[in-house]
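Visitor: The structure under discussion is supplied below as C-alpha cells; questions concerning it will follow.
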Amino acid sequence: MIGSANGTRVGITGLGVCVPERVVTNDDLARHVDTSDEWIVERTGIHERRMIAEDQALTDIALPAAQAALQDARIGEGDVDLIICATVTPDMMFPTASALIADSLGARDAAAYDLLAGCTGFMYAVAQAYGMLAAGLSRRALVIGGDVLSSILDWTDRSTLVLFGDGAGAVVMEPVGHGGFLGFELGADGGGGVHLQLPGSGSRKFESPESMLRMNGREVYKFATRVMVSSAEAVLAECGRTIDEVDVYVPHQANKRIIDHAVGKLGVPPERTVVNVDRFGNTSSGSIPLALADARADGRLRDGALVLMTGMGAGLTWGSALLEWTDRRSA
Ligand code: ACO
C-alpha cells in the first residue's frame, strides 16, 4: 500500500516514552547463555537493553508513555477519541492493552484497539490514525507503540536473547496548520513469516506448549536489509522528495549492521541518522517512537524538519512514513 497525503494536514503534536528501570548488560546475558559482550557488540551494536520487573507487563510502561505524550501535547485525557496500541506483547489478548490504557486515562469517549504487525506495528498504527484523522472520523488520536519482548524470549536461545529489549513510546496525532505527514508505504509478506514466529500464541496447536519467539536470523537479516531500502525509496518517490532533503532518518532499531547497510545504500549522511539500538536493543513497536524522542532531545526535530521513518518486522511486514515535523510552539 502506498499513498501521499492530500487534503487535511495531520501531524504529531505530542511525544512521550517510557523504558523499564532495569538495565540488562551483555555480561548479564552471558551468565544465561554462551555469548560474550564482544560478540554481541560486533554483530549487533547492542551494549545493553531494558527489561521489565517480574510483576510488570506492557501497560506498566505503555501507560506512562501515553501520559507523557498527552502532557507534551498539552491536552487532557478526555481530548482523544482514538487510541491505537501497536504491540505483539499485550498484557493479555483481551481486554486489549489499548482498552486498559483508555480506562486508566479516563478517555471514556475513545475508540480503542490493539494492532498486530510485529516490529512494524507503530508505522501501521500511525498510518491508520492518519487515515481516520484525515477522513474526519477522529479529531485527535493517541498512537502507542510498545513491547515487552523479554516476556516471549527463550532464555536458552543465544541467537535471539541478545537482540531484544522492552520499551514503549506514544504520539498524539491531530490536524495541524503546517507540516504533517506527506505519505506512507506499507507492505507484508506472509510467505516469509515462518522466519520470525511465535508458535503456540494463537489458535493453531503446536507440539511445544510454550510460546516463545523463534527466528531464522540470516533470513530476517536478508529481508530487513532489502526492505529498509526499498520501502524508504518508495515513499520518497511517492512524495516527490529525495534522500538529500531528509533531515532526520529514523530507522527501526534492530541491529546496527542493518542500520549501517540502509544508511549506505540510501546515501543518508550518518549524522542525520538516529541510532539508539546500543542502549535499548530491539524494542519492536517501541523502537521508532523511542528513536524519535532521542532525535528531539538532540534538538534535531526542529519545525519543518523532513523526517523519514522505516520499520520492519514479524509478518513479515514493513512500513515507511515521510513527515514534516510540526513544532507548534515555534509557529
Ligand atoms: N553469541 C555468540 N555466538 C552466537 C550468538 C550469540 N549471541 N548468536 C549466534 N551465535 C553464533 C551462531 O551459533 C553461529 O555459530 P556457528 O557458526 O558455529 O553455527 C555464529 O554465531 C554465526 O551465526 P550467524 O547467524 O551467521 O550470525 P550473524 O552474523 O548472521 O548474526 C544475527 C546473527 C545478529 C541474529 C543476525 O542474523 C541478525 O541481525 N538478523 C536479523 C535479526 C533481526 O533484526 N530480527 C528482528 C526483526 S524485527 C521484529 O519484528 C522482531
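Here, A, B, ... name the chains of the C-alpha cells in the order displayed, residue numbers run from 1 inside each chain, and ligands are numbered from 1 in the same displayed order.
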Could you list, as a tab-separated table (two decimals) with N, CA and C atoms, in the first residue's frame, all residues that come within 7 Å of ligand 1? Count only C-alpha atoms and all ligand atoms.

Guide:
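Final output, saved to selection_4.tsv:
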chain	number	residue	atom	x	y	z
A	34	ASP	N	25.74	-19.03	26.24
A	34	ASP	CA	27.14	-18.99	25.81
A	34	ASP	C	27.32	-17.85	24.80
A	35	THR	N	27.58	-16.66	25.31
A	35	THR	CA	27.79	-15.50	24.45
A	35	THR	C	28.79	-14.57	25.13
A	36	SER	N	29.09	-13.45	24.49
A	36	SER	CA	30.04	-12.51	25.09
A	36	SER	C	29.69	-11.10	24.67
A	39	TRP	N	31.04	-10.43	21.13
A	39	TRP	CA	30.25	-10.96	20.00
A	39	TRP	C	29.01	-10.08	19.78
A	40	ILE	N	28.33	-9.77	20.85
A	40	ILE	CA	27.07	-9.02	20.71
A	40	ILE	C	27.34	-7.62	20.14
A	43	ARG	N	28.41	-7.96	16.33
A	43	ARG	CA	27.37	-8.40	15.37
A	43	ARG	C	26.10	-7.56	15.40
A	44	THR	N	25.88	-6.82	16.50
A	44	THR	CA	24.59	-6.11	16.60
A	44	THR	C	24.73	-4.63	16.99
A	118	GLY	N	3.93	-6.94	14.17
A	118	GLY	CA	5.33	-7.14	14.56
A	118	GLY	C	5.99	-5.82	14.89
A	119	CYS	N	7.27	-5.74	14.60
A	119	CYS	CA	8.02	-4.51	14.90
A	119	CYS	C	7.56	-3.33	14.05
A	120	THR	N	6.77	-3.61	12.99
A	120	THR	CA	6.28	-2.52	12.14
A	120	THR	C	4.99	-1.91	12.71
A	158	ARG	N	20.62	-18.25	22.48
A	158	ARG	CA	21.51	-17.08	22.43
A	158	ARG	C	21.32	-16.24	21.18
A	159	SER	N	20.78	-16.86	20.11
A	159	SER	CA	20.67	-16.12	18.86
A	159	SER	C	19.52	-15.11	18.87
A	160	THR	N	18.60	-15.22	19.81
A	160	THR	CA	17.53	-14.21	19.91
A	160	THR	C	17.61	-13.41	21.22
A	162	VAL	N	19.87	-12.04	22.87
A	162	VAL	CA	20.74	-10.86	22.96
A	162	VAL	C	20.20	-9.65	22.18
A	217	GLY	N	17.65	-15.97	11.89
A	217	GLY	CA	18.33	-14.67	11.86
A	217	GLY	C	18.85	-14.29	10.49
A	218	ARG	N	19.42	-15.27	9.78
A	218	ARG	CA	20.01	-14.93	8.47
A	218	ARG	C	18.95	-14.52	7.47
A	220	VAL	N	15.95	-13.27	8.20
A	220	VAL	CA	15.39	-11.97	8.62
A	220	VAL	C	16.36	-10.85	8.25
A	221	TYR	N	17.64	-11.14	8.38
A	221	TYR	CA	18.66	-10.14	8.03
A	221	TYR	C	18.56	-9.76	6.55
A	224	ALA	N	15.41	-7.79	6.02
A	224	ALA	CA	15.50	-6.45	6.63
A	224	ALA	C	16.34	-5.51	5.77
A	254	ALA	N	16.91	-2.45	15.00
A	254	ALA	CA	17.02	-3.89	15.20
A	254	ALA	C	18.46	-4.30	15.43
A	255	ASN	N	19.36	-3.68	14.68
A	255	ASN	CA	20.74	-4.13	14.65
A	255	ASN	C	21.54	-3.03	13.96
A	284	SER	N	11.02	-3.52	19.31
A	284	SER	CA	9.86	-3.83	18.48
A	284	SER	C	9.04	-2.57	18.21
A	312	MET	N	10.35	-2.48	10.19
A	312	MET	CA	10.18	-3.81	9.57
A	312	MET	C	10.15	-4.85	10.69
A	313	GLY	N	9.49	-5.97	10.41
A	313	GLY	CA	9.46	-6.98	11.45
A	313	GLY	C	8.61	-8.18	11.11
A	314	ALA	N	8.10	-8.83	12.16
A	314	ALA	CA	7.36	-10.09	12.01
A	314	ALA	C	6.15	-9.88	11.10

Visitor: For range 143-146 of chain A, work out the shell of residues within 8 Å, counting only C-alpha atoms and skipping chain neighbours fewer than 4 positions away, then give it as a ChimeraX atom specification.

Guide: /A:58,61-62,65-66,83-87,121-122,125-126,129,166-173,283-287,289

Visitor: With N, CA, C and O atoms retained, could you export that selection as an mmCIF file, in the first residue's frame?

Guide:
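After the write, part.cif holds the following:
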data_model
loop_
_atom_site.group_PDB
_atom_site.id
_atom_site.type_symbol
_atom_site.label_atom_id
_atom_site.label_comp_id
_atom_site.auth_asym_id
_atom_site.auth_seq_id
_atom_site.Cartn_x
_atom_site.Cartn_y
_atom_site.Cartn_z
ATOM 1 N N LEU A 58 3.095 -4.994 29.744
ATOM 2 C CA LEU A 58 3.190 -3.904 28.775
ATOM 3 C C LEU A 58 2.598 -2.587 29.258
ATOM 4 O O LEU A 58 3.209 -1.525 29.131
ATOM 5 N N ILE A 61 4.489 0.147 31.166
ATOM 6 C CA ILE A 61 5.359 1.126 30.506
ATOM 7 C C ILE A 61 4.590 1.920 29.435
ATOM 8 O O ILE A 61 4.921 3.062 29.155
ATOM 9 N N ALA A 62 3.559 1.300 28.836
ATOM 10 C CA ALA A 62 2.812 1.993 27.771
ATOM 11 C C ALA A 62 1.977 3.140 28.339
ATOM 12 O O ALA A 62 1.857 4.201 27.709
ATOM 13 N N ALA A 65 4.071 6.234 29.015
ATOM 14 C CA ALA A 65 4.452 6.837 27.723
ATOM 15 C C ALA A 65 3.274 7.631 27.169
ATOM 16 O O ALA A 65 3.435 8.765 26.673
ATOM 17 N N ALA A 66 2.066 7.062 27.266
ATOM 18 C CA ALA A 66 0.860 7.736 26.775
ATOM 19 C C ALA A 66 0.613 9.025 27.559
ATOM 20 O O ALA A 66 0.307 10.077 26.981
ATOM 21 N N ILE A 83 -7.616 5.559 20.331
ATOM 22 C CA ILE A 83 -6.370 5.061 20.942
ATOM 23 C C ILE A 83 -6.007 3.749 20.253
ATOM 24 O O ILE A 83 -6.783 2.793 20.263
ATOM 25 N N ILE A 84 -4.841 3.738 19.597
ATOM 26 C CA ILE A 84 -4.362 2.508 18.966
ATOM 27 C C ILE A 84 -3.072 2.119 19.669
ATOM 28 O O ILE A 84 -2.169 2.950 19.807
ATOM 29 N N CYS A 85 -2.998 0.884 20.121
ATOM 30 C CA CYS A 85 -1.753 0.405 20.739
ATOM 31 C C CYS A 85 -1.168 -0.702 19.856
ATOM 32 O O CYS A 85 -1.764 -1.769 19.707
ATOM 33 N N ALA A 86 -0.037 -0.424 19.248
ATOM 34 C CA ALA A 86 0.661 -1.408 18.418
ATOM 35 C C ALA A 86 1.568 -2.239 19.313
ATOM 36 O O ALA A 86 2.452 -1.694 19.965
ATOM 37 N N THR A 87 1.329 -3.542 19.345
ATOM 38 C CA THR A 87 2.133 -4.414 20.210
ATOM 39 C C THR A 87 1.950 -5.875 19.820
ATOM 40 O O THR A 87 0.914 -6.238 19.261
ATOM 41 N N GLY A 121 4.515 -2.440 13.819
ATOM 42 C CA GLY A 121 3.217 -2.039 14.358
ATOM 43 C C GLY A 121 3.041 -0.538 14.482
ATOM 44 O O GLY A 121 1.995 0.006 14.123
ATOM 45 N N PHE A 122 4.060 0.156 14.971
ATOM 46 C CA PHE A 122 3.909 1.602 15.169
ATOM 47 C C PHE A 122 3.690 2.307 13.833
ATOM 48 O O PHE A 122 2.873 3.229 13.731
ATOM 49 N N ALA A 125 0.160 1.685 12.705
ATOM 50 C CA ALA A 125 -0.797 2.395 13.565
ATOM 51 C C ALA A 125 -0.843 3.884 13.233
ATOM 52 O O ALA A 125 -1.916 4.492 13.205
ATOM 53 N N VAL A 126 0.325 4.454 12.966
ATOM 54 C CA VAL A 126 0.383 5.872 12.604
ATOM 55 C C VAL A 126 -0.354 6.099 11.278
ATOM 56 O O VAL A 126 -1.091 7.078 11.120
ATOM 57 N N ALA A 129 -4.139 5.892 11.944
ATOM 58 C CA ALA A 129 -4.616 7.095 12.635
ATOM 59 C C ALA A 129 -4.664 8.266 11.664
ATOM 60 O O ALA A 129 -5.621 9.058 11.676
ATOM 61 N N ASP A 166 12.833 -4.158 26.188
ATOM 62 C CA ASP A 166 11.460 -3.687 26.428
ATOM 63 C C ASP A 166 11.424 -2.160 26.385
ATOM 64 O O ASP A 166 12.347 -1.494 26.878
ATOM 65 N N GLY A 167 10.345 -1.616 25.829
ATOM 66 C CA GLY A 167 10.210 -0.150 25.792
ATOM 67 C C GLY A 167 8.923 0.248 25.110
ATOM 68 O O GLY A 167 8.318 -0.545 24.384
ATOM 69 N N ALA A 168 8.494 1.484 25.364
ATOM 70 C CA ALA A 168 7.245 1.967 24.765
ATOM 71 C C ALA A 168 7.345 3.459 24.477
ATOM 72 O O ALA A 168 8.076 4.194 25.152
ATOM 73 N N GLY A 169 6.603 3.873 23.463
ATOM 74 C CA GLY A 169 6.525 5.288 23.125
ATOM 75 C C GLY A 169 5.117 5.595 22.640
ATOM 76 O O GLY A 169 4.367 4.682 22.277
ATOM 77 N N ALA A 170 4.759 6.856 22.666
ATOM 78 C CA ALA A 170 3.413 7.238 22.230
ATOM 79 C C ALA A 170 3.458 8.609 21.577
ATOM 80 O O ALA A 170 4.324 9.436 21.909
ATOM 81 N N VAL A 171 2.551 8.807 20.620
ATOM 82 C CA VAL A 171 2.433 10.131 19.996
ATOM 83 C C VAL A 171 0.964 10.541 19.980
ATOM 84 O O VAL A 171 0.070 9.697 19.891
ATOM 85 N N VAL A 172 0.747 11.850 20.080
ATOM 86 C CA VAL A 172 -0.580 12.416 19.836
ATOM 87 C C VAL A 172 -0.575 12.907 18.401
ATOM 88 O O VAL A 172 0.391 13.547 17.955
ATOM 89 N N MET A 173 -1.623 12.554 17.650
ATOM 90 C CA MET A 173 -1.733 12.999 16.254
ATOM 91 C C MET A 173 -3.038 13.771 16.073
ATOM 92 O O MET A 173 -4.078 13.371 16.596
ATOM 93 N N THR A 283 13.383 -2.901 20.492
ATOM 94 C CA THR A 283 12.183 -2.819 21.347
ATOM 95 C C THR A 283 10.906 -2.978 20.524
ATOM 96 O O THR A 283 9.820 -2.561 20.960
ATOM 97 N N SER A 284 11.025 -3.519 19.312
ATOM 98 C CA SER A 284 9.863 -3.833 18.479
ATOM 99 C C SER A 284 9.035 -2.574 18.211
ATOM 100 O O SER A 284 9.558 -1.588 17.701
ATOM 101 N N SER A 285 7.770 -2.568 18.595
ATOM 102 C CA SER A 285 6.922 -1.404 18.294
ATOM 103 C C SER A 285 7.332 -0.144 19.051
ATOM 104 O O SER A 285 6.876 0.954 18.723
ATOM 105 N N GLY A 286 8.163 -0.292 20.064
ATOM 106 C CA GLY A 286 8.629 0.888 20.801
ATOM 107 C C GLY A 286 9.803 1.578 20.114
ATOM 108 O O GLY A 286 10.153 2.726 20.438
ATOM 109 N N SER A 287 10.393 0.898 19.151
ATOM 110 C CA SER A 287 11.663 1.334 18.570
ATOM 111 C C SER A 287 11.607 2.719 17.917
ATOM 112 O O SER A 287 12.428 3.595 18.219
ATOM 113 N N PRO A 289 9.222 5.271 18.074
ATOM 114 C CA PRO A 289 8.981 6.420 18.952
ATOM 115 C C PRO A 289 10.126 6.698 19.927
ATOM 116 O O PRO A 289 10.419 7.865 20.232
#

Visitor: Find the residues near range 294-297 of chain A: any atom within 9 Å, counting only C-alpha atoms, skip ones fewer than 2 places away on the same chain, and give them as a ChimeraX atom specification.

Guide: /A:248,250,273-276,289-292,299-302

Visitor: Could you take the residues named above and write them with N, CA and C atoms, as a PDB file, in the first residue's frame?

Guide:
ATOM      1  N   VAL A 248      16.153  14.079   9.111  1.00  0.00           N
ATOM      2  CA  VAL A 248      16.269  13.105  10.200  1.00  0.00           C
ATOM      3  C   VAL A 248      15.788  11.749   9.701  1.00  0.00           C
ATOM      4  N   VAL A 250      14.962   7.984  10.719  1.00  0.00           N
ATOM      5  CA  VAL A 250      14.645   7.189  11.920  1.00  0.00           C
ATOM      6  C   VAL A 250      14.369   5.746  11.504  1.00  0.00           C
ATOM      7  N   THR A 273      21.159  10.306  10.906  1.00  0.00           N
ATOM      8  CA  THR A 273      20.516   9.040  11.276  1.00  0.00           C
ATOM      9  C   THR A 273      20.428   8.920  12.796  1.00  0.00           C
ATOM     10  N   VAL A 274      19.276   8.465  13.288  1.00  0.00           N
ATOM     11  CA  VAL A 274      19.115   8.290  14.733  1.00  0.00           C
ATOM     12  C   VAL A 274      19.451   6.835  15.086  1.00  0.00           C
ATOM     13  N   VAL A 275      20.354   6.663  16.030  1.00  0.00           N
ATOM     14  CA  VAL A 275      20.749   5.315  16.473  1.00  0.00           C
ATOM     15  C   VAL A 275      20.707   5.267  18.000  1.00  0.00           C
ATOM     16  N   ASN A 276      19.896   4.350  18.539  1.00  0.00           N
ATOM     17  CA  ASN A 276      19.935   4.132  19.991  1.00  0.00           C
ATOM     18  C   ASN A 276      19.844   2.641  20.333  1.00  0.00           C
ATOM     19  N   PRO A 289       9.222   5.271  18.074  1.00  0.00           N
ATOM     20  CA  PRO A 289       8.981   6.420  18.952  1.00  0.00           C
ATOM     21  C   PRO A 289      10.126   6.698  19.927  1.00  0.00           C
ATOM     22  N   LEU A 290      10.818   5.650  20.393  1.00  0.00           N
ATOM     23  CA  LEU A 290      11.971   5.885  21.277  1.00  0.00           C
ATOM     24  C   LEU A 290      13.063   6.646  20.515  1.00  0.00           C
ATOM     25  N   ALA A 291      13.246   6.298  19.234  1.00  0.00           N
ATOM     26  CA  ALA A 291      14.263   6.985  18.430  1.00  0.00           C
ATOM     27  C   ALA A 291      13.833   8.423  18.133  1.00  0.00           C
ATOM     28  N   LEU A 292      12.536   8.620  17.901  1.00  0.00           N
ATOM     29  CA  LEU A 292      12.034   9.991  17.688  1.00  0.00           C
ATOM     30  C   LEU A 292      12.323  10.857  18.916  1.00  0.00           C
ATOM     31  N   GLY A 299      17.689  17.985  19.706  1.00  0.00           N
ATOM     32  CA  GLY A 299      17.361  19.234  19.014  1.00  0.00           C
ATOM     33  C   GLY A 299      17.209  19.073  17.513  1.00  0.00           C
ATOM     34  N   ARG A 300      17.099  17.796  17.045  1.00  0.00           N
ATOM     35  CA  ARG A 300      17.036  17.588  15.601  1.00  0.00           C
ATOM     36  C   ARG A 300      15.630  17.748  15.031  1.00  0.00           C
ATOM     37  N   LEU A 301      14.592  17.600  15.881  1.00  0.00           N
ATOM     38  CA  LEU A 301      13.222  17.695  15.371  1.00  0.00           C
ATOM     39  C   LEU A 301      12.746  19.149  15.407  1.00  0.00           C
ATOM     40  N   ARG A 302      13.439  19.976  14.653  1.00  0.00           N
ATOM     41  CA  ARG A 302      13.029  21.387  14.604  1.00  0.00           C
ATOM     42  C   ARG A 302      11.846  21.529  13.646  1.00  0.00           C
TER      43      ARG A 302
END

Visitor: Select from range 182-263 of chain A everything DSSP, run on the backbone, classes as strand (DSSP E or B), then give the selection as a list in words.

Guide: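 Taking range 182-263 of chain A and keeping strand (DSSP E or B) only, one gets Leu182, Gly183, Phe184, Glu185, Leu186, Gly187, Ala188, Leu196, Gln197, Arg214, Met215, Val248, Tyr249, Val250 and Pro251 of chain A.
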
Visitor: Can you write out the residues you just picked, keeping N, CA and C atoms, as a PDB file, in the first residue's frame?

Guide:
ATOM      1  N   LEU A 182       3.386  13.356   4.920  1.00  0.00           N
ATOM      2  CA  LEU A 182       3.360  13.550   3.468  1.00  0.00           C
ATOM      3  C   LEU A 182       2.990  12.262   2.732  1.00  0.00           C
ATOM      4  N   GLY A 183       3.279  11.100   3.322  1.00  0.00           N
ATOM      5  CA  GLY A 183       2.929   9.850   2.652  1.00  0.00           C
ATOM      6  C   GLY A 183       3.378   8.626   3.428  1.00  0.00           C
ATOM      7  N   PHE A 184       2.872   7.475   2.980  1.00  0.00           N
ATOM      8  CA  PHE A 184       3.157   6.196   3.647  1.00  0.00           C
ATOM      9  C   PHE A 184       3.396   5.106   2.603  1.00  0.00           C
ATOM     10  N   GLU A 185       4.196   4.112   2.970  1.00  0.00           N
ATOM     11  CA  GLU A 185       4.309   2.882   2.180  1.00  0.00           C
ATOM     12  C   GLU A 185       4.333   1.731   3.176  1.00  0.00           C
ATOM     13  N   LEU A 186       3.388   0.798   3.037  1.00  0.00           N
ATOM     14  CA  LEU A 186       3.284  -0.332   3.968  1.00  0.00           C
ATOM     15  C   LEU A 186       3.197  -1.622   3.180  1.00  0.00           C
ATOM     16  N   GLY A 187       3.763  -2.703   3.698  1.00  0.00           N
ATOM     17  CA  GLY A 187       3.669  -3.970   2.982  1.00  0.00           C
ATOM     18  C   GLY A 187       3.789  -5.163   3.915  1.00  0.00           C
ATOM     19  N   ALA A 188       3.465  -6.342   3.369  1.00  0.00           N
ATOM     20  CA  ALA A 188       3.544  -7.586   4.149  1.00  0.00           C
ATOM     21  C   ALA A 188       3.870  -8.753   3.229  1.00  0.00           C
ATOM     22  N   LEU A 196      10.154 -15.630  11.367  1.00  0.00           N
ATOM     23  CA  LEU A 196      10.065 -14.910  12.645  1.00  0.00           C
ATOM     24  C   LEU A 196       8.696 -15.209  13.239  1.00  0.00           C
ATOM     25  N   GLN A 197       8.663 -16.188  14.140  1.00  0.00           N
ATOM     26  CA  GLN A 197       7.383 -16.746  14.589  1.00  0.00           C
ATOM     27  C   GLN A 197       7.239 -16.766  16.100  1.00  0.00           C
ATOM     28  N   ARG A 214      10.743 -17.493  17.860  1.00  0.00           N
ATOM     29  CA  ARG A 214      11.673 -18.300  17.051  1.00  0.00           C
ATOM     30  C   ARG A 214      12.078 -17.485  15.833  1.00  0.00           C
ATOM     31  N   MET A 215      13.363 -17.441  15.544  1.00  0.00           N
ATOM     32  CA  MET A 215      13.803 -16.602  14.424  1.00  0.00           C
ATOM     33  C   MET A 215      14.911 -17.272  13.620  1.00  0.00           C
ATOM     34  N   VAL A 248      16.153  14.079   9.111  1.00  0.00           N
ATOM     35  CA  VAL A 248      16.269  13.105  10.200  1.00  0.00           C
ATOM     36  C   VAL A 248      15.788  11.749   9.701  1.00  0.00           C
ATOM     37  N   TYR A 249      16.671  10.768   9.723  1.00  0.00           N
ATOM     38  CA  TYR A 249      16.324   9.404   9.297  1.00  0.00           C
ATOM     39  C   TYR A 249      16.163   8.548  10.557  1.00  0.00           C
ATOM     40  N   VAL A 250      14.962   7.984  10.719  1.00  0.00           N
ATOM     41  CA  VAL A 250      14.645   7.189  11.920  1.00  0.00           C
ATOM     42  C   VAL A 250      14.369   5.746  11.504  1.00  0.00           C
ATOM     43  N   PRO A 251      15.421   4.914  11.432  1.00  0.00           N
ATOM     44  CA  PRO A 251      15.204   3.514  11.063  1.00  0.00           C
ATOM     45  C   PRO A 251      14.833   2.669  12.269  1.00  0.00           C
TER      46      PRO A 251
END

Visitor: Considering only C-alpha atoms, can you say which of A:Leu100, A:Cys239, A:Met51, A:Val229 comes closest to Glu21 in chain A?

Guide: A:Met51

Visitor: So how many Å separate CA of Leu133 in chain A and CA of Asp244 in chain A, to one decimal?

Guide: 29.4 Å

Visitor: Residues within 10 Å of Ala237 in chain A, please, as a PyMOL selection string. Count only C-alpha atoms; anything in the same chain fewer than 6 positions from it doesn't count.

Guide: chain A and resi 4+183+231+243

Visitor: From range 134-214 of chain A, collect each residue whose DSSP state is alpha helix (DSSP H) and return the set as a list in words.

Guide: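 Matching residues, listed in order: Ala134, Arg158, Ser159, Thr160 and Leu161 of chain A.
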
Visitor: From the list A:Gly131, A:Gly311, A:Pro90, A:Gly193, which residue is nearest Tyr113 in chain A when using only C-alpha atoms?

Guide: A:Pro90

Visitor: Can you work out which one of A:Ser151, A:Asp79, A:Leu70, A:Gly14 has the shortest atom-to-atom distance to Asp55 in chain A, counting only C-alpha atoms?

Guide: A:Ser151

Visitor: Write out as an NGL selection string the residues lying within 12 Å of Pro175 in chain A, counting only C-alpha atoms and excluding same-chain residues fewer than 5 positions away.

Guide: :A and (7-13 or 129-141 or 180-181 or 326 or 328)

Visitor: For Val227 in chain A, work out the shell of residues within 10 Å, counting only C-alpha atoms and skipping chain neighbours fewer than 6 positions away, then give it as a list in words.

Guide: Gly187, Glu233, Ala234, Ala262, Thr310, Gly311, Met312, Thr317, Trp318, Gly319 and Ser320 of chain A

Visitor: So that I have them on file, write out the residues from the current selection with N, CA and C atoms, as an mmCIF file, in the first residue's frame.

Guide:
data_model
loop_
_atom_site.group_PDB
_atom_site.id
_atom_site.type_symbol
_atom_site.label_atom_id
_atom_site.label_comp_id
_atom_site.auth_asym_id
_atom_site.auth_seq_id
_atom_site.Cartn_x
_atom_site.Cartn_y
_atom_site.Cartn_z
ATOM 1 N N GLY A 187 3.763 -2.703 3.698
ATOM 2 C CA GLY A 187 3.669 -3.970 2.982
ATOM 3 C C GLY A 187 3.789 -5.163 3.915
ATOM 4 N N GLU A 233 12.830 4.202 -0.222
ATOM 5 C CA GLU A 233 12.901 4.786 -1.575
ATOM 6 C C GLU A 233 11.498 4.961 -2.166
ATOM 7 N N ALA A 234 10.611 3.988 -1.881
ATOM 8 C CA ALA A 234 9.252 4.052 -2.435
ATOM 9 C C ALA A 234 8.479 5.244 -1.876
ATOM 10 N N ALA A 262 21.460 0.150 5.466
ATOM 11 C CA ALA A 262 20.431 1.035 4.900
ATOM 12 C C ALA A 262 20.993 2.441 4.679
ATOM 13 N N THR A 310 11.307 4.269 8.934
ATOM 14 C CA THR A 310 11.050 2.966 8.319
ATOM 15 C C THR A 310 11.140 1.872 9.379
ATOM 16 N N GLY A 311 10.098 1.053 9.427
ATOM 17 C CA GLY A 311 10.092 -0.092 10.339
ATOM 18 C C GLY A 311 10.006 -1.389 9.559
ATOM 19 N N MET A 312 10.354 -2.485 10.188
ATOM 20 C CA MET A 312 10.185 -3.812 9.567
ATOM 21 C C MET A 312 10.151 -4.846 10.687
ATOM 22 N N THR A 317 6.557 -7.908 7.833
ATOM 23 C CA THR A 317 5.931 -6.635 7.477
ATOM 24 C C THR A 317 6.977 -5.533 7.379
ATOM 25 N N TRP A 318 6.619 -4.462 6.702
ATOM 26 C CA TRP A 318 7.471 -3.276 6.669
ATOM 27 C C TRP A 318 6.601 -2.046 6.477
ATOM 28 N N GLY A 319 7.146 -0.884 6.785
ATOM 29 C CA GLY A 319 6.372 0.342 6.605
ATOM 30 C C GLY A 319 7.228 1.579 6.763
ATOM 31 N N SER A 320 6.969 2.571 5.904
ATOM 32 C CA SER A 320 7.686 3.852 5.973
ATOM 33 C C SER A 320 6.697 5.002 6.004
#
